[in-house]
file entry_3.txt (compact mmCIF, C-alpha atoms)
# COMPACT_ATOMS: atom_id res chain seq x y z
CA MET Z 809 58.33 -78.07 59.31
CA PHE Z 810 59.94 -78.47 62.72
CA SER Z 811 60.12 -81.71 64.62
CA GLY Z 812 61.21 -82.82 68.03
CA LEU Z 813 61.70 -80.71 71.13
CA THR Z 814 64.98 -79.12 70.07
CA PRO Z 815 64.43 -75.35 69.75
CA THR Z 816 65.24 -73.92 66.36
CA SER Z 817 66.66 -70.45 65.66
CA ARG Z 818 63.22 -69.32 64.51
CA GLN Z 819 61.62 -70.57 67.71
CA ARG Z 820 64.32 -68.83 69.75
CA ARG Z 821 63.70 -65.51 67.98
CA PHE Z 822 59.95 -65.81 68.34
CA CYS Z 823 60.04 -66.90 71.98
CA GLU Z 824 62.82 -64.57 73.11
CA GLY Z 825 62.15 -63.49 76.70
CA PHE Z 826 60.26 -66.65 77.65
CA LEU Z 827 61.77 -69.00 80.19
CA PHE Z 828 60.60 -71.89 78.03
CA PHE Z 829 59.43 -72.41 74.45
CA PRO Z 830 55.60 -72.35 74.61
CA ILE Z 831 55.03 -72.74 70.85
CA LYS Z 832 56.71 -75.33 68.67
CA HIS Z 833 56.56 -76.28 65.01
CA LEU Z 834 56.49 -72.69 63.79
CA ARG Z 835 56.32 -71.67 60.14
CA LYS Z 836 57.48 -68.51 58.44
CA TYR Z 837 55.61 -66.74 55.63
CA GLY Z 838 56.96 -63.39 54.50
CA HIS Z 839 57.28 -61.28 57.64
CA PHE Z 840 54.89 -63.52 59.56
CA ILE Z 841 55.67 -66.43 61.90
CA PHE Z 842 52.76 -68.71 62.72
CA ARG Z 843 51.75 -72.12 64.00
CA GLN Z 844 49.40 -74.01 61.70
CA TYR Z 845 47.14 -76.55 63.36
CA GLY Z 846 45.57 -78.09 60.28
CA GLY Z 847 46.76 -79.12 56.83
CA HIS Z 848 44.27 -76.83 55.05
CA ALA Z 849 43.83 -74.01 57.54
CA GLY Z 850 44.19 -71.31 54.88
CA VAL Z 851 46.50 -69.21 57.06
CA LYS Z 852 48.62 -68.02 54.13
CA SER Z 853 45.56 -66.73 52.27
CA LEU Z 854 44.54 -64.97 55.46
CA LEU Z 855 47.94 -63.33 55.84
CA ASP Z 856 47.96 -62.29 52.18
CA MET Z 857 44.86 -60.17 52.66
CA LYS Z 858 46.36 -57.77 55.23
CA LEU Z 859 43.08 -55.83 55.18
CA GLY Z 860 42.61 -52.51 56.92
CA ALA Z 861 39.06 -52.17 58.24
CA LEU Z 862 38.64 -48.61 56.98
CA ASP Z 863 40.09 -49.47 53.58
CA PHE Z 864 37.92 -52.43 52.63
CA ASN Z 865 34.65 -51.22 54.17
CA THR Z 866 34.90 -47.82 52.51
CA ARG Z 867 36.06 -49.32 49.21
CA TYR Z 868 33.09 -51.67 48.95
CA ALA Z 869 30.62 -49.02 50.11
CA GLU Z 870 31.88 -46.64 47.41
CA SER Z 871 31.63 -49.33 44.71
CA ILE Z 872 28.10 -50.28 45.75
CA GLN Z 873 26.96 -46.66 45.93
CA GLN Z 874 28.37 -46.06 42.45
CA CYS Z 875 26.65 -49.20 41.12
CA ILE Z 876 23.30 -48.07 42.54
CA THR Z 877 23.58 -44.43 41.44
CA GLU Z 878 24.96 -44.98 37.94
CA GLU Z 879 23.54 -48.37 36.97
CA ALA Z 880 20.94 -50.07 39.16
CA ALA Z 881 18.57 -47.18 39.98
CA PRO Z 882 18.46 -45.64 36.46
CA LYS Z 883 17.90 -49.05 34.85
CA ALA Z 884 15.14 -49.91 37.32
CA LEU Z 885 13.40 -46.60 36.56
CA ARG Z 886 13.70 -47.23 32.83
CA VAL Z 887 12.10 -50.66 33.23
CA LEU Z 888 9.28 -49.18 35.34
CA ASP Z 889 8.57 -46.48 32.74
CA LYS Z 890 8.39 -48.96 29.88
CA MET Z 891 6.22 -51.38 31.83
CA GLU Z 892 3.82 -48.56 32.71
CA ALA Z 893 3.58 -47.53 29.04
CA ALA Z 894 3.00 -51.10 27.87
CA TYR Z 895 0.35 -51.79 30.49
CA ALA Z 896 -1.42 -48.48 29.82
CA ARG Z 897 -1.67 -49.41 26.14
CA MET Z 898 -3.07 -52.80 27.03
CA GLN Z 899 -5.67 -51.21 29.33
CA ALA Z 900 -6.63 -48.69 26.65
CA ALA Z 901 -7.24 -51.53 24.16
CA GLY Z 902 -9.97 -52.83 26.45
CA ALA Z 903 -9.79 -56.32 24.96
CA PRO Z 904 -10.75 -59.23 27.27
CA VAL Z 905 -7.74 -61.14 28.55
CA THR Z 906 -8.10 -64.89 29.11
CA GLY Z 907 -6.05 -68.05 29.30
CA VAL Z 908 -2.31 -67.79 28.93
CA TYR Z 909 -2.48 -64.04 28.42
CA GLN Z 910 -4.21 -63.64 31.75
CA ASP Z 911 -1.26 -65.44 33.35
CA PHE Z 912 1.05 -63.18 31.38
CA ASN Z 913 -0.69 -60.06 32.67
CA GLU Z 914 -0.64 -61.27 36.26
CA LEU Z 915 3.09 -61.97 36.09
CA PHE Z 916 3.65 -58.66 34.31
CA ILE Z 917 1.90 -56.76 37.12
CA HIS Z 918 3.65 -58.82 39.79
CA TYR Z 919 7.06 -58.07 38.35
CA TYR Z 920 6.23 -54.36 38.07
CA ARG Z 921 5.49 -54.33 41.80
CA GLU Z 922 8.72 -56.20 42.51
CA VAL Z 923 10.78 -53.63 40.59
CA MET Z 924 8.95 -50.80 42.34
CA VAL Z 925 9.72 -52.20 45.79
CA TYR Z 926 13.26 -53.03 44.76
CA HIS Z 927 13.91 -49.47 43.56
CA ASN Z 928 12.04 -47.57 46.27
CA VAL Z 929 12.93 -49.76 49.26
CA VAL Z 930 15.97 -51.96 48.71
CA LEU Z 931 18.19 -49.61 46.70
CA ARG Z 932 17.23 -46.42 48.50
CA ASN Z 933 17.59 -47.94 51.96
CA LEU Z 934 20.93 -49.48 51.05
CA LYS Z 935 22.24 -46.10 49.89
CA ASP Z 936 21.12 -44.47 53.13
CA GLU Z 937 22.58 -47.24 55.29
CA LEU Z 938 25.96 -46.96 53.58
CA LYS Z 939 26.37 -43.23 54.26
CA PRO Z 940 28.08 -43.73 57.67
CA VAL Z 941 30.55 -46.14 56.04
CA LEU Z 942 31.39 -43.59 53.35
CA LYS Z 943 31.93 -40.79 55.87
CA PRO Z 944 33.80 -42.13 58.91
CA LYS Z 945 33.60 -39.93 61.99
CA ILE Z 946 36.74 -38.16 63.18
CA THR Z 947 37.01 -37.87 66.95
CA ASP Z 948 40.03 -36.79 69.00
CA GLY Z 949 42.32 -37.18 66.04
CA THR Z 950 41.30 -40.79 65.42
CA THR Z 951 39.12 -42.33 62.74
CA ALA Z 952 36.05 -44.21 63.90
CA VAL Z 953 35.65 -46.97 61.33
CA ALA Z 954 32.04 -47.73 60.44
CA GLY Z 955 31.00 -51.22 59.43
CA TYR Z 956 27.85 -52.61 57.89
CA ASP Z 957 26.06 -55.58 59.43
CA HIS Z 958 23.32 -56.35 56.88
CA ILE Z 959 25.41 -57.50 53.92
CA HIS Z 960 24.06 -61.06 53.82
CA LYS Z 961 20.46 -59.85 54.24
CA VAL Z 962 20.72 -57.36 51.38
CA ALA Z 963 22.47 -59.90 49.15
CA LYS Z 964 19.57 -62.31 49.78
CA LEU Z 965 17.03 -59.65 48.77
CA VAL Z 966 18.91 -58.91 45.55
CA ARG Z 967 19.17 -62.63 44.72
CA GLU Z 968 15.41 -63.00 45.21
CA PHE Z 969 14.86 -60.14 42.78
CA LEU Z 970 17.19 -61.85 40.30
CA ILE Z 971 14.95 -64.91 40.36
CA GLN Z 972 11.93 -62.73 39.55
CA SER Z 973 13.83 -61.05 36.72
CA LYS Z 974 14.91 -64.40 35.29
CA THR Z 975 11.31 -65.64 35.31
CA ILE Z 976 9.89 -62.61 33.50
CA LEU Z 977 12.76 -62.66 31.00
CA THR Z 978 12.05 -66.31 30.13
CA LEU Z 979 8.37 -65.52 29.59
CA LEU Z 980 8.98 -62.39 27.55
CA ASP Z 981 11.63 -64.08 25.41
CA ASP Z 982 9.09 -66.79 24.62
CA PHE Z 983 6.52 -64.24 23.52
CA VAL Z 984 9.05 -62.33 21.44
CA GLU Z 985 10.14 -65.49 19.63
CA LYS Z 986 6.52 -66.47 18.89
CA GLU Z 987 5.41 -63.17 17.41
CA ASN Z 988 2.26 -64.66 15.86
CA ASN Z 989 0.98 -65.63 19.31
CA PHE Z 990 1.82 -62.29 20.84
CA PRO Z 991 -0.99 -60.55 22.79
CA ALA Z 992 -2.60 -58.05 20.44
CA ALA Z 993 -2.77 -55.43 23.19
CA TYR Z 994 1.01 -55.33 23.42
CA ASN Z 995 3.29 -53.79 20.82
CA HIS Z 996 5.94 -56.28 19.75
CA ARG Z 997 8.71 -53.70 19.31
CA GLU Z 998 7.86 -52.23 22.69
CA ILE Z 999 8.25 -55.58 24.43
CA VAL Z 1000 11.56 -56.26 22.65
CA LEU Z 1001 12.95 -53.02 24.05
CA LEU Z 1002 11.56 -53.84 27.48
CA VAL Z 1003 13.23 -57.25 27.41
CA ASN Z 1004 16.58 -55.63 26.64
CA ASP Z 1005 16.18 -53.22 29.57
CA ILE Z 1006 15.19 -55.98 31.99
CA ARG Z 1007 18.18 -58.04 30.86
CA GLN Z 1008 20.54 -55.09 31.48
CA LEU Z 1009 19.01 -54.61 34.92
CA TYR Z 1010 19.42 -58.33 35.59
CA PHE Z 1011 23.15 -58.30 34.88
CA THR Z 1012 23.63 -55.14 36.93
CA GLN Z 1013 22.02 -56.85 39.91
CA LYS Z 1014 24.33 -59.83 39.44
CA ASP Z 1015 27.24 -57.40 39.71
CA LEU Z 1016 25.72 -55.94 42.87
CA VAL Z 1017 25.32 -59.39 44.40
CA GLN Z 1018 28.95 -60.15 43.62
CA LEU Z 1019 30.07 -56.93 45.34
CA LEU Z 1020 28.04 -57.81 48.42
CA LYS Z 1021 29.38 -61.38 48.48
CA SER Z 1022 32.97 -60.16 48.17
CA TRP Z 1023 32.41 -57.63 50.94
CA ALA Z 1024 30.94 -60.30 53.22
CA ARG Z 1025 33.90 -62.60 52.48
CA ASP Z 1026 36.48 -59.92 53.25
CA LYS Z 1027 34.57 -58.89 56.36
CA ASP Z 1028 34.75 -62.50 57.59
CA ILE Z 1029 38.48 -62.67 56.80
CA HIS Z 1030 39.07 -59.40 58.64
CA GLY Z 1031 37.23 -60.84 61.62
CA LEU Z 1032 39.57 -63.84 61.57
CA GLN Z 1033 42.58 -61.54 61.38
CA THR Z 1034 41.35 -59.64 64.40
CA TYR Z 1035 40.82 -62.96 66.21
CA TYR Z 1036 44.27 -64.29 65.36
CA ASN Z 1037 45.97 -61.01 66.26

call {"tool": "encode", "arguments": {"input": "entry_3.txt", "output": "C-alpha cells"}}
result
Amino acid sequence: MFSGLTPTSRQRRFCEGFLFFPIKHLRKYGHFIFRQYGGHAGVKSLLDMKLGALDFNTRYAESIQQCITEEAAPKALRVLDKMEAAYARMQAAGAPVTGVYQDFNELFIHYYREVMVYHNVVLRNLKDELKPVLKPKITDGTTAVAGYDHIHKVAKLVREFLIQSKTILTLLDDFVEKENNFPAAYNHREIVLLVNDIRQLYFTQKDLVQLLKSWARDKDIHGLQTYYN
C-alpha cells in the first residue's frame, strides 16, 4: 500500500514522462502494476487469467464439439432407440392403459419428444454454430478471431433438458424398484437398461453445461481484460 502524496519509486517508473503523478496508491503483481479501487475487486484473479481470445474460444469450442460428437449425440440416439422399442412393444400389447400408467405413458412420450428435439435441434445447431470458432478466418496475414454469443442461451436449454431427464429418471427408478407394480406392457429388463442409458446421458449433459458455464465465465473475464487494457 502507498500513502500520502510523496511519489514512490514505483509511481515514478509507472508515471515516467508525465509532468505530474496522475495515479497514486499503485500495487505491483508479477509484471503488472495496477490501482485497486475496492477491497475485493478481484484484480489479481483477472491478471492471472491472461487469456488470449483465440486460445480460449477455440479451446472451449473444440471441447464442446468433442463432447457432442463422442458422448452427447450417440447417447441421445441410444436413448431414442430404446424408447422407441419399449413403446412399440407396449403398443403391440394393446392392453388398456389407465390411472398411474396413463401418466407414465404420457411422461414417457413427452420425454421422447424432448430427447428428439434436443438431439435434432439443440446439439446439431450448436455444432453448426461452433464451426466458425473452430476455423478462424485468415485475412492479410492476420487471424480473425471468432466468438460465440449464445453461450448463456444454450446453457439454459441444456439445463432445461436436465430437469426433464431428472424427472423421468425418478419415475423410472420408482418403477424398477417396485417390479410387482410394473406395467405389464413394458419389459422390466428393457426399462432397467433404458434407465442406465438415460442416466449416462444426464451426466454427459451436466458436463456440457459445465463447459458452457466455464466458457461464459472466461468470456466475461476476457471482456474485463479488454476493458481494463

call {"tool": "atom_distance", "arguments": {"input": "entry_3.txt", "atom1": "atom CA of Z:Val930", "atom2": "atom CA of Z:Phe864"}}
result
22.3 Å

call {"tool": "closest_residue", "arguments": {"input": "entry_3.txt", "among": "Z:Asp1028, Z:Ile959, Z:Leu979, Z:Val1003", "to": "Z:Tyr868", "atoms": "only C-alpha atoms"}}
result
Z:Ile959

call {"tool": "closest_residue", "arguments": {"input": "entry_3.txt", "among": "Z:Arg867, Z:Lys974, Z:Lys1027, Z:Lys890", "to": "Z:Arg997", "atoms": "all atoms listed in the file"}}
result
Z:Lys890

call {"tool": "atom_distance", "arguments": {"input": "entry_3.txt", "atom1": "atom CA of Z:Ile876", "atom2": "atom CA of Z:Leu965"}}
result
14.6 Å

call {"tool": "residues_around", "arguments": {"input": "entry_3.txt", "residues": "Z:Ala884", "least_positions_apart": "4", "cutoff": "12 Å", "atoms": "all atoms listed in the file", "output": "VMD selection string"}}
result
chain Z and resid 876 to 880 888 to 891 919 to 928 930 to 932 969 973 1002 1005 to 1013

call {"tool": "closest_residue", "arguments": {"input": "entry_3.txt", "among": "Z:Leu915, Z:Asp957, Z:Lys939, Z:Val929", "to": "Z:Ala1024", "atoms": "all atoms listed in the file"}}
result
Z:Asp957
